[in-house]
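Below is coords_25.csv, holding CSV, C-alpha atoms and all ligand atoms.
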chain,number,residue,atom,x,y,z
A,101,MET,CA,62.9,31.8,97.8
A,102,THR,CA,60.0,32.5,95.4
A,103,LYS,CA,57.9,35.3,96.9
A,104,SER,CA,55.3,35.4,94.3
A,105,VAL,CA,54.1,33.1,91.5
A,106,VAL,CA,52.2,34.7,88.6
A,107,VAL,CA,50.6,32.8,85.8
A,108,LEU,CA,49.6,35.1,82.9
A,109,THR,CA,47.8,34.1,79.7
A,110,GLY,CA,48.1,36.2,76.5
A,111,ALA,CA,51.5,37.6,77.5
A,112,SER,CA,52.9,37.8,74.0
A,113,ARG,CA,51.1,41.0,72.8
A,114,GLY,CA,48.9,43.9,73.9
A,115,ILE,CA,47.8,44.3,77.5
A,116,GLY,CA,49.4,41.0,78.5
A,117,ALA,CA,52.8,41.8,77.1
A,118,ALA,CA,52.8,45.1,79.0
A,119,LEU,CA,51.6,43.4,82.2
A,120,ALA,CA,54.3,40.8,82.0
A,121,ARG,CA,56.9,43.5,82.1
A,122,GLN,CA,55.2,45.2,85.1
A,123,LEU,CA,55.0,41.9,87.0
A,124,ALA,CA,58.6,40.8,86.2
A,125,LYS,CA,60.1,41.6,89.6
A,126,PRO,CA,62.9,40.0,91.7
A,127,GLY,CA,61.6,37.0,93.6
A,128,THR,CA,58.7,36.5,91.2
A,129,ARG,CA,58.3,33.3,89.2
A,130,LEU,CA,56.4,34.4,86.0
A,131,ILE,CA,54.8,31.7,83.9
A,132,THR,CA,53.3,33.0,80.6
A,133,LEU,CA,51.0,31.2,78.2
A,134,ALA,CA,50.3,32.2,74.6
A,135,ARG,CA,50.8,30.7,71.1
A,136,ARG,CA,53.9,32.8,70.6
A,137,GLN,CA,56.9,33.5,72.8
A,138,ASP,CA,58.5,36.8,73.5
A,139,SER,CA,62.3,37.0,73.3
A,140,ASP,CA,62.4,40.6,74.6
A,141,LEU,CA,60.4,39.5,77.7
A,142,ALA,CA,63.0,36.8,78.4
A,143,ALA,CA,65.8,39.5,78.3
A,144,HIS,CA,63.7,41.8,80.5
A,145,ALA,CA,62.9,39.1,83.0
A,146,ALA,CA,66.6,38.1,83.3
A,147,ALA,CA,67.6,41.7,83.9
A,148,GLN,CA,64.9,42.0,86.7
A,149,GLY,CA,65.9,38.7,88.4
A,150,THR,CA,62.6,37.1,87.5
A,151,GLU,CA,62.4,33.4,86.9
A,152,LEU,CA,60.4,33.2,83.6
A,153,GLU,CA,58.8,30.3,81.9
A,154,GLN,CA,57.1,30.9,78.6
A,155,ILE,CA,54.7,28.1,77.6
A,156,ALA,CA,53.7,28.0,73.9
A,157,VAL,CA,50.1,26.8,73.8
A,158,ASP,CA,46.9,27.3,71.8
A,159,LEU,CA,44.4,27.8,74.6
A,160,SER,CA,41.5,27.5,72.1
A,161,ASP,CA,42.4,23.9,71.8
A,162,THR,CA,40.7,22.4,74.9
A,163,ALA,CA,42.9,19.3,74.9
A,164,ALA,CA,46.0,21.5,74.9
A,165,ALA,CA,44.5,23.7,77.5
A,166,THR,CA,43.7,20.7,79.7
A,167,ALA,CA,47.2,19.4,79.4
A,168,VAL,CA,48.9,22.7,80.1
A,169,ALA,CA,46.7,23.3,83.1
A,170,ALA,CA,47.6,19.9,84.6
A,171,ARG,CA,51.3,20.5,83.8
A,172,LEU,CA,51.2,23.9,85.5
A,173,ALA,CA,49.5,22.6,88.6
A,174,THR,CA,52.3,20.0,89.2
A,175,SER,CA,55.1,22.5,88.6
A,176,LEU,CA,54.1,25.4,90.8
A,177,PRO,CA,56.5,26.0,93.7
A,178,ARG,CA,54.9,25.3,97.2
A,179,ASP,CA,56.7,28.0,99.2
A,180,ALA,CA,55.4,31.3,97.7
A,181,LYS,CA,53.7,33.9,99.7
A,182,ARG,CA,51.4,34.8,96.8
A,183,TYR,CA,49.9,32.9,93.9
A,184,VAL,CA,48.2,34.9,91.1
A,185,LEU,CA,46.5,33.7,88.0
A,186,ILE,CA,45.6,36.3,85.3
A,187,ASN,CA,43.3,35.0,82.6
A,188,ASN,CA,44.0,37.7,80.0
A,189,ALA,CA,44.2,35.9,76.6
A,190,GLY,CA,41.1,36.6,74.6
A,191,THR,CA,39.7,37.1,71.1
A,192,VAL,CA,37.0,39.4,69.7
A,193,SER,CA,36.5,37.2,66.7
A,194,PRO,CA,34.2,36.2,65.1
A,195,VAL,CA,32.6,39.6,64.5
A,196,SER,CA,29.3,39.0,62.8
A,197,SER,CA,25.6,39.8,63.1
A,198,VAL,CA,23.6,37.2,64.8
A,199,ASP,CA,21.8,36.1,61.6
A,200,ALA,CA,25.1,35.3,59.9
A,201,LEU,CA,26.8,33.7,62.9
A,202,ASP,CA,27.1,30.2,61.5
A,203,ASP,CA,30.8,29.3,61.7
A,204,ALA,CA,30.8,26.7,64.4
A,205,ALA,CA,34.6,26.4,64.5
A,206,ALA,CA,35.1,30.1,64.9
A,207,ILE,CA,32.4,30.3,67.6
A,208,ASN,CA,33.9,27.3,69.4
A,209,GLN,CA,37.4,28.8,69.3
A,210,ALA,CA,36.2,32.0,71.0
A,211,LEU,CA,34.2,30.1,73.6
A,212,ASN,CA,37.2,27.8,74.3
A,213,LEU,CA,39.7,30.7,74.6
A,214,ASN,CA,37.6,33.3,76.4
A,215,VAL,CA,35.7,30.9,78.7
A,216,VAL,CA,36.7,27.2,78.7
A,217,ALA,CA,40.5,27.7,79.1
A,218,VAL,CA,39.8,30.1,82.0
A,219,MET,CA,37.8,27.5,83.8
A,220,LEU,CA,40.4,24.8,83.1
A,221,LEU,CA,43.3,26.9,84.3
A,222,THR,CA,41.4,28.2,87.3
A,223,SER,CA,40.3,24.8,88.5
A,224,ARG,CA,43.9,23.4,88.4
A,225,PHE,CA,45.3,26.5,89.9
A,226,LEU,CA,42.9,26.4,92.8
A,227,ALA,CA,43.6,22.7,93.4
A,228,ALA,CA,47.3,23.1,93.3
A,229,THR,CA,47.3,26.0,95.8
A,230,ARG,CA,44.6,24.8,98.1
A,231,GLY,CA,45.8,24.6,101.8
A,232,LEU,CA,48.9,26.7,101.2
A,233,GLN,CA,49.5,29.5,103.7
A,234,ALA,CA,49.5,32.0,100.9
A,235,ASP,CA,47.5,34.8,99.3
A,236,ARG,CA,45.7,33.5,96.2
A,237,ARG,CA,44.3,35.9,93.6
A,238,ILE,CA,42.5,35.2,90.3
A,239,LEU,CA,42.1,38.1,87.9
A,240,ASN,CA,40.0,37.6,84.8
A,241,ILE,CA,40.3,40.2,82.1
A,242,SER,CA,36.8,40.9,81.0
A,243,SER,CA,35.3,43.7,79.0
A,244,GLY,CA,32.6,46.3,79.0
A,245,ALA,CA,31.2,44.1,76.1
A,246,GLY,CA,30.2,41.6,78.7
A,247,ARG,CA,28.1,44.2,80.5
A,248,ASN,CA,26.6,46.1,77.5
A,249,PRO,CA,25.4,44.6,74.2
A,250,THR,CA,27.2,45.6,71.1
A,251,ALA,CA,25.8,44.7,67.6
A,252,GLY,CA,28.2,42.4,65.8
A,253,TRP,CA,29.7,41.0,69.0
A,254,GLY,CA,27.2,38.3,69.8
A,255,VAL,CA,30.1,35.9,70.6
A,256,TYR,CA,32.4,38.3,72.3
A,257,CYS,CA,29.7,39.9,74.5
A,258,ALA,CA,28.4,36.4,75.4
A,259,THR,CA,31.9,35.1,76.4
A,260,LYS,CA,32.7,38.1,78.5
A,261,ALA,CA,29.2,38.0,80.2
A,262,ALA,CA,29.9,34.3,80.9
A,263,LEU,CA,33.3,35.2,82.3
A,264,ASP,CA,31.7,37.8,84.6
A,265,MET,CA,29.1,35.3,85.9
A,266,TYR,CA,31.6,32.6,86.3
A,267,THR,CA,33.7,34.9,88.4
A,268,ARG,CA,30.7,35.7,90.6
A,269,VAL,CA,30.0,32.0,91.1
A,270,ALA,CA,33.7,31.4,91.9
A,271,LYS,CA,33.7,34.2,94.5
A,272,GLN,CA,30.5,32.9,96.1
A,273,GLU,CA,31.9,29.3,96.2
A,274,GLN,CA,35.6,29.9,97.0
A,275,ASP,CA,35.4,32.8,99.5
A,276,ALA,CA,35.6,30.5,102.5
A,277,ASP,CA,38.7,28.9,101.0
A,278,GLY,CA,40.5,32.2,100.8
A,279,ALA,CA,40.9,32.5,97.0
A,280,LYS,CA,40.0,36.0,95.7
A,281,PHE,CA,38.4,36.6,92.3
A,282,VAL,CA,37.9,39.7,90.2
A,283,SER,CA,36.6,40.1,86.6
A,284,LEU,CA,38.1,43.4,85.5
A,285,ALA,CA,37.3,45.4,82.3
A,286,PRO,CA,40.5,47.2,81.1
A,287,GLY,CA,38.9,50.0,79.1
A,288,VAL,CA,39.6,50.6,75.4
A,289,VAL,CA,43.3,49.9,74.8
A,290,ASP,CA,45.5,50.4,71.8
A,291,THR,CA,46.4,46.8,71.0
A,292,ASP,CA,46.2,44.4,68.1
A,293,MET,CA,42.6,43.6,69.2
A,294,GLN,CA,41.6,47.2,68.4
A,295,GLY,CA,43.2,46.7,65.0
A,296,VAL,CA,41.1,43.6,64.4
A,297,ILE,CA,38.0,45.7,65.5
A,298,ARG,CA,38.9,48.5,63.1
A,299,SER,CA,39.2,46.0,60.2
A,300,SER,CA,35.6,44.7,60.8
A,301,ASP,CA,33.1,44.7,58.1
A,302,PRO,CA,30.9,47.8,58.7
A,303,ASP,CA,27.8,45.7,57.8
A,304,ALA,CA,28.6,43.3,60.6
A,305,PHE,CA,29.8,45.9,63.1
A,306,PRO,CA,27.7,49.1,63.1
A,307,ALA,CA,29.9,50.8,65.8
A,308,LEU,CA,33.0,50.6,63.5
A,309,SER,CA,33.3,54.4,63.0
A,310,ARG,CA,33.2,55.0,66.7
A,311,PHE,CA,36.2,52.7,67.2
A,312,GLN,CA,38.0,54.3,64.2
A,313,ASP,CA,37.4,57.7,65.8
A,314,LEU,CA,38.8,56.6,69.1
A,315,HIS,CA,42.0,55.5,67.4
A,316,SER,CA,42.3,58.5,65.1
A,317,THR,CA,41.7,61.0,67.9
A,318,GLY,CA,44.2,59.3,70.3
A,319,LYS,CA,41.6,58.2,72.8
A,320,LEU,CA,42.7,54.6,73.1
A,321,ALA,CA,44.6,53.9,76.4
A,322,ALA,CA,48.2,52.9,76.1
A,323,PRO,CA,48.9,49.2,77.1
A,324,THR,CA,51.7,50.3,79.4
A,325,ASP,CA,49.5,52.7,81.3
A,326,VAL,CA,46.7,50.1,81.6
A,327,ALA,CA,49.1,47.4,82.7
A,328,ALA,CA,50.6,49.7,85.4
A,329,ARG,CA,47.1,50.3,86.7
A,330,ILE,CA,46.2,46.6,86.6
A,331,ALA,CA,49.5,45.8,88.4
A,332,ALA,CA,48.6,48.3,91.2
A,333,TYR,CA,45.1,46.9,91.3
A,334,LEU,CA,46.5,43.4,91.9
A,335,GLU,CA,48.2,44.7,95.0
A,336,ARG,CA,45.1,46.2,96.6
A,337,ASP,CA,44.2,45.0,100.1
A,338,ASP,CA,40.6,44.9,99.1
A,339,PHE,CA,41.2,42.8,95.9
A,340,GLY,CA,38.2,40.6,95.5
A,341,SER,CA,35.7,42.7,97.4
A,342,THR,CA,34.3,44.0,94.1
A,343,GLU,CA,34.3,41.0,91.9
A,344,ILE,CA,32.9,42.8,88.8
A,345,ASP,CA,35.1,45.8,88.3
A,346,ASP,CA,36.5,48.2,85.8
A,347,ILE,CA,40.0,49.6,85.9
A,348,ARG,CA,38.5,53.0,84.7
A,349,ASN,CA,37.0,53.3,88.2
A,350,TYR,CA,40.6,53.8,89.6
A,351,ASN,CA,42.0,56.8,87.8
B,401,LIG,P1,45.6,41.3,71.8
B,401,LIG,O1,46.5,42.4,71.6
B,401,LIG,O2,44.8,40.7,70.6
B,401,LIG,O3,46.4,40.1,72.5
B,401,LIG,C1,45.8,38.9,72.8
B,401,LIG,C2,46.7,38.0,73.6
B,401,LIG,O4,46.0,36.7,73.7
B,401,LIG,C3,48.0,37.7,72.8
B,401,LIG,O5,49.1,37.6,73.7
B,401,LIG,C4,47.7,36.4,72.2
B,401,LIG,O6,48.9,35.7,72.0
B,401,LIG,C5,46.8,35.7,73.2
B,401,LIG,N1,46.0,34.7,72.5
B,401,LIG,C6,45.1,34.9,71.5
B,401,LIG,N2,44.6,33.8,71.0
B,401,LIG,C7,45.2,32.8,71.8
B,401,LIG,C8,45.1,31.4,71.8
B,401,LIG,N3,44.3,30.7,70.9
B,401,LIG,N4,45.9,30.7,72.7
B,401,LIG,C9,46.7,31.3,73.6
B,401,LIG,N5,46.8,32.7,73.6
B,401,LIG,C10,46.1,33.4,72.7
B,401,LIG,O7,44.5,41.6,72.9
B,401,LIG,P2,44.4,42.6,74.1
B,401,LIG,O8,43.7,43.8,73.6
B,401,LIG,O9,45.7,42.8,74.7
B,401,LIG,O10,43.4,41.9,75.0
B,401,LIG,C11,43.7,41.3,76.2
B,401,LIG,C12,42.4,41.0,77.0
B,401,LIG,O11,41.8,42.3,77.2
B,401,LIG,C13,41.4,40.2,76.2
B,401,LIG,O12,40.8,39.3,77.1
B,401,LIG,C14,40.4,41.2,75.7
B,401,LIG,O13,39.1,40.6,75.5
B,401,LIG,C15,40.4,42.2,76.8
B,401,LIG,N6,40.0,43.5,76.4
B,401,LIG,C16,40.7,44.3,75.5
B,401,LIG,C17,40.2,45.5,75.2
B,401,LIG,C18,41.0,46.4,74.2
B,401,LIG,O14,40.5,47.5,73.9
B,401,LIG,N7,42.2,46.1,73.7
B,401,LIG,C19,39.0,46.0,75.7
B,401,LIG,C20,38.3,45.2,76.6
B,401,LIG,C21,38.8,44.0,76.9
B,401,LIG,P3,49.3,34.7,70.7
B,401,LIG,O15,48.7,35.4,69.5
B,401,LIG,O16,50.8,34.7,70.7
B,401,LIG,O17,48.7,33.4,71.0
Please go through the file and, once you have read it, give me the structure as C-alpha cells.
Amino acid sequence: MTKSVVVLTGASRGIGAALARQLAKPGTRLITLARRQDSDLAAHAAAQGTELEQIAVDLSDTAAATAVAARLATSLPRDAKRYVLINNAGTVSPVSSVDALDDAAAINQALNLNVVAVMLLTSRFLAATRGLQADRRILNISSGAGRNPTAGWGVYCATKAALDMYTRVAKQEQDADGAKFVSLAPGVVDTDMQGVIRSSDPDAFPALSRFQDLHSTGKLAAPTDVAARIAAYLERDDFGSTEIDDIRNYN
C-alpha cells in the first residue's frame, strides 16, 4: 500500500534534488517534475523501495503545465494516508532594473514557472484529493525576496510575493476542507540559482558583492542540510498553522 504520495517540482537540481532524496522512503510514491530527469535519483529511489515517476516538463509553458497537472490528477493513487505537493521549481531570471525590464517573454516565463504553474498544479491536486480520508499538505518554496525588496529582482520579488499571497488566500479558503498550506523561505542555499545570481550584471544587481561574499566566505547553506530541515518541517503536527514561514526560524 502507498502510505504517502509526494509530488515535487524542480527535483533535478539544487534544493529539490536534495529534497527528493530525503523524501524517497519505503511506501512513498514520489512524482517529480522538471525539464531534466535525474538518473541517480532513480537508483536511489529503487534502493529505498520508493516508487518513483520522473516527469519531464517545462513548467514555464502553461499548456504543458496544464496538461501535466491534469495527467497527475488522474494518476494519483486513492489509498494513501498522506498527499503532499511541493512547489519548488523556480527561477530568479530575468535580473534587471525596472527601467530595463522589457523582455516580455522572459518576464512571462518567470511568472508562469514561479506562479502560474503552482496554481495549476495546486488546483488539480486539491480536486484529485478532495474527500479522501488523508492528510493533505501543500508546501510552496518561496523566498525572503517575496518579503523584502531587492533592486534588480523586480520579477523575482513580485513572483514570490504573489506566491505568498496566493498561499494566504488558499489557507483562508481551503482550511475547512482540511488541506494545509505553507509558503516557506529556504534561506540562502548553495545551488545553481546562486551561481546565476553571482553571474548577474552588477549594474542590474547592486547587491552582487554581498552574494559573492556569502559564497566566498562559505555562508551559503548546503542543499542537503536545508532539505533535511524542510523534510522535518513537512512532518510537523502544526504544519499550516504559520502559512508564511521561513526555515531559518527552525534551527
Ligand atoms: P536551482 O538550483 O536553480 O534549481 C531549480 C529547479 O527548478 C531545477 O530542478 C530545475 O530543473 C527546475 N526548473 C527550472 N526551470 C524549470 C522549468 N521551466 N520547468 C520545470 N522545472 C524547472 O534552484 P534552487 O536554488 O534549488 O531553488 C529552488 C527553490 O528555492 C526556488 O523556488 C527558489 O526560488 C527558491 N529559493 C532558493 C534560494 C537559494 O538561495 N538557492 C533562496 C530562496 C528561495 P530543470 O532545469 O531540469 O528544469
**Item:** For Pro286 of chain A: contacts at 9 Å, all atoms listed in the file, fewer than 3 positions along chain excluded, given as a PyMOL selection string
**Value:** chain A and resi 115+241-244+289+326-327+330+346-348
Closest atom pairs, chain A residues within 9 Å of ligand LIG 401 (chain B), all atoms listed in the file, as JSON lines:
{"residue": "A:Thr109", "atom": "CA", "partner": "B:LIG401", "partner_atom": "N5", "distance": 6.3}
{"residue": "A:Gly110", "atom": "CA", "partner": "B:LIG401", "partner_atom": "O5", "distance": 3.3}
{"residue": "A:Ala111", "atom": "CA", "partner": "B:LIG401", "partner_atom": "O5", "distance": 4.5}
{"residue": "A:Ser112", "atom": "CA", "partner": "B:LIG401", "partner_atom": "O5", "distance": 3.8}
{"residue": "A:Arg113", "atom": "CA", "partner": "B:LIG401", "partner_atom": "O5", "distance": 4.0}
{"residue": "A:Gly114", "atom": "CA", "partner": "B:LIG401", "partner_atom": "O9", "distance": 3.5}
{"residue": "A:Ile115", "atom": "CA", "partner": "B:LIG401", "partner_atom": "O9", "distance": 3.8}
{"residue": "A:Gly116", "atom": "CA", "partner": "B:LIG401", "partner_atom": "O9", "distance": 5.6}
{"residue": "A:Ala117", "atom": "CA", "partner": "B:LIG401", "partner_atom": "O5", "distance": 6.5}
{"residue": "A:Ala118", "atom": "CA", "partner": "B:LIG401", "partner_atom": "O9", "distance": 8.6}
{"residue": "A:Leu133", "atom": "CA", "partner": "B:LIG401", "partner_atom": "C9", "distance": 6.3}
{"residue": "A:Ala134", "atom": "CA", "partner": "B:LIG401", "partner_atom": "N5", "distance": 3.7}
{"residue": "A:Arg135", "atom": "CA", "partner": "B:LIG401", "partner_atom": "O17", "distance": 3.4}
{"residue": "A:Arg136", "atom": "CA", "partner": "B:LIG401", "partner_atom": "O16", "distance": 3.6}
{"residue": "A:Gln137", "atom": "CA", "partner": "B:LIG401", "partner_atom": "O16", "distance": 6.6}
{"residue": "A:Asp138", "atom": "CA", "partner": "B:LIG401", "partner_atom": "O16", "distance": 8.5}
{"residue": "A:Ala156", "atom": "CA", "partner": "B:LIG401", "partner_atom": "C9", "distance": 7.7}
{"residue": "A:Val157", "atom": "CA", "partner": "B:LIG401", "partner_atom": "C9", "distance": 5.6}
{"residue": "A:Asp158", "atom": "CA", "partner": "B:LIG401", "partner_atom": "N4", "distance": 3.7}
{"residue": "A:Leu159", "atom": "CA", "partner": "B:LIG401", "partner_atom": "N4", "distance": 3.8}
{"residue": "A:Ser160", "atom": "CA", "partner": "B:LIG401", "partner_atom": "N3", "distance": 4.4}
{"residue": "A:Asp161", "atom": "CA", "partner": "B:LIG401", "partner_atom": "N3", "distance": 7.1}
{"residue": "A:Ala165", "atom": "CA", "partner": "B:LIG401", "partner_atom": "N4", "distance": 8.6}
{"residue": "A:Asn187", "atom": "CA", "partner": "B:LIG401", "partner_atom": "O12", "distance": 7.4}
{"residue": "A:Asn188", "atom": "CA", "partner": "B:LIG401", "partner_atom": "O12", "distance": 4.6}
{"residue": "A:Ala189", "atom": "CA", "partner": "B:LIG401", "partner_atom": "O4", "distance": 3.5}
{"residue": "A:Gly190", "atom": "CA", "partner": "B:LIG401", "partner_atom": "O12", "distance": 3.7}
{"residue": "A:Thr191", "atom": "CA", "partner": "B:LIG401", "partner_atom": "O13", "distance": 5.7}
{"residue": "A:Val192", "atom": "CA", "partner": "B:LIG401", "partner_atom": "O13", "distance": 6.3}
{"residue": "A:Gln209", "atom": "CA", "partner": "B:LIG401", "partner_atom": "N3", "distance": 7.3}
{"residue": "A:Ala210", "atom": "CA", "partner": "B:LIG401", "partner_atom": "N3", "distance": 8.2}
{"residue": "A:Asn212", "atom": "CA", "partner": "B:LIG401", "partner_atom": "N3", "distance": 8.4}
{"residue": "A:Leu213", "atom": "CA", "partner": "B:LIG401", "partner_atom": "N3", "distance": 5.9}
{"residue": "A:Asn214", "atom": "CA", "partner": "B:LIG401", "partner_atom": "O12", "distance": 6.8}
{"residue": "A:Ala217", "atom": "CA", "partner": "B:LIG401", "partner_atom": "N4", "distance": 8.9}
{"residue": "A:Asn240", "atom": "CA", "partner": "B:LIG401", "partner_atom": "O12", "distance": 7.9}
{"residue": "A:Ile241", "atom": "CA", "partner": "B:LIG401", "partner_atom": "O12", "distance": 5.1}
{"residue": "A:Ser242", "atom": "CA", "partner": "B:LIG401", "partner_atom": "C21", "distance": 5.5}
{"residue": "A:Ser243", "atom": "CA", "partner": "B:LIG401", "partner_atom": "C21", "distance": 4.1}
{"residue": "A:Gly244", "atom": "CA", "partner": "B:LIG401", "partner_atom": "C20", "distance": 6.3}
{"residue": "A:Ala245", "atom": "CA", "partner": "B:LIG401", "partner_atom": "C20", "distance": 7.2}
{"residue": "A:Tyr256", "atom": "CA", "partner": "B:LIG401", "partner_atom": "O13", "distance": 7.8}
{"residue": "A:Lys260", "atom": "CA", "partner": "B:LIG401", "partner_atom": "O13", "distance": 7.5}
{"residue": "A:Leu284", "atom": "CA", "partner": "B:LIG401", "partner_atom": "C21", "distance": 8.6}
{"residue": "A:Ala285", "atom": "CA", "partner": "B:LIG401", "partner_atom": "C21", "distance": 5.8}
{"residue": "A:Pro286", "atom": "CA", "partner": "B:LIG401", "partner_atom": "C20", "distance": 5.4}
{"residue": "A:Gly287", "atom": "CA", "partner": "B:LIG401", "partner_atom": "C19", "distance": 5.3}
{"residue": "A:Val288", "atom": "CA", "partner": "B:LIG401", "partner_atom": "O14", "distance": 3.6}
{"residue": "A:Val289", "atom": "CA", "partner": "B:LIG401", "partner_atom": "O14", "distance": 3.8}
{"residue": "A:Asp290", "atom": "CA", "partner": "B:LIG401", "partner_atom": "N7", "distance": 5.7}
{"residue": "A:Thr291", "atom": "CA", "partner": "B:LIG401", "partner_atom": "O1", "distance": 4.4}
{"residue": "A:Asp292", "atom": "CA", "partner": "B:LIG401", "partner_atom": "O1", "distance": 4.0}
{"residue": "A:Met293", "atom": "CA", "partner": "B:LIG401", "partner_atom": "O2", "distance": 3.9}
{"residue": "A:Gln294", "atom": "CA", "partner": "B:LIG401", "partner_atom": "N7", "distance": 5.4}
{"residue": "A:Gly295", "atom": "CA", "partner": "B:LIG401", "partner_atom": "O2", "distance": 8.4}
{"residue": "A:Val296", "atom": "CA", "partner": "B:LIG401", "partner_atom": "O2", "distance": 7.8}
{"residue": "A:Ile297", "atom": "CA", "partner": "B:LIG401", "partner_atom": "O14", "distance": 8.9}
{"residue": "A:Leu320", "atom": "CA", "partner": "B:LIG401", "partner_atom": "O14", "distance": 7.5}
{"residue": "A:Ala321", "atom": "CA", "partner": "B:LIG401", "partner_atom": "O14", "distance": 8.0}
{"residue": "A:Pro323", "atom": "CA", "partner": "B:LIG401", "partner_atom": "O9", "distance": 7.5}
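If you measure from each of A:Phe311, A:Trp253, A:Phe281, A:Tyr350 to Ile186 of chain A using all atoms listed in the file, the closest one turns out to be A:Phe281.
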**Asked** When you draw a straight line from atom CA of Leu185 of chain A to atom CA of Val255 of chain A, how long is it in Å?
**Response** 24.0 Å
**Prompt:** Looking at A:Ala328, A:Val195, A:Ala307, A:Ala204, which one is nearest to Ala120 of chain A, with distances taken over only C-alpha atoms?
**Reply:**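 Among the listed residues, the smallest separation from Ala120 of chain A belongs to A:Ala328.
The spacing separating atom CA of Ala227 of chain A from atom CA of Ala258 of chain A amounts to 27.3 Å.
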**Asked** Skipping near chain neighbours, those fewer than 2 positions away, what residues fall within 12 Å of Asp275 of chain A using all atoms listed in the file, listed as a list in words?
**Response**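 The filter keeps Leu226, Arg236, Arg237, Ile238, Thr267, Arg268, Val269, Ala270, Lys271, Gln272, Glu273, Asp277, Gly278, Ala279, Lys280, Phe281, Val282, Gly340, Ser341 and Glu343 of chain A.
The interatomic distance for the pair atom CA of Ser196 of chain A and atom CA of Pro249 of chain A works out to 13.3 Å.
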**Fill in**
Shortest contact to Ser193 of chain A, candidates A:Gly246, A:Gly149, A:Pro177, A:Gly254, atoms counted all atoms listed in the file, goes to A:Gly254
**Which residue of A:Val218, A:Ala124, A:Leu172, A:Ala163 approaches Glu151 of chain A most closely, using only C-alpha atoms** =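 Under the stated criterion, the closest residue is A:Ala124.
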**Message:** Give me, as a PyMOL selection string, all polymer residues having an atom no more than 7 Å from Ile131 of chain A, counting all atoms listed in the file and skipping those fewer than 3 positions away in the same chain.
**Reply:** chain A and resi 106-108+152-154
**Request:** Give the answer as one residue: which of A:Arg178, A:Ala143, A:Leu119, A:Val168 has the shortest atom-to-atom distance to Thr102 of chain A, using only C-alpha atoms?
**Result:** A:Arg178
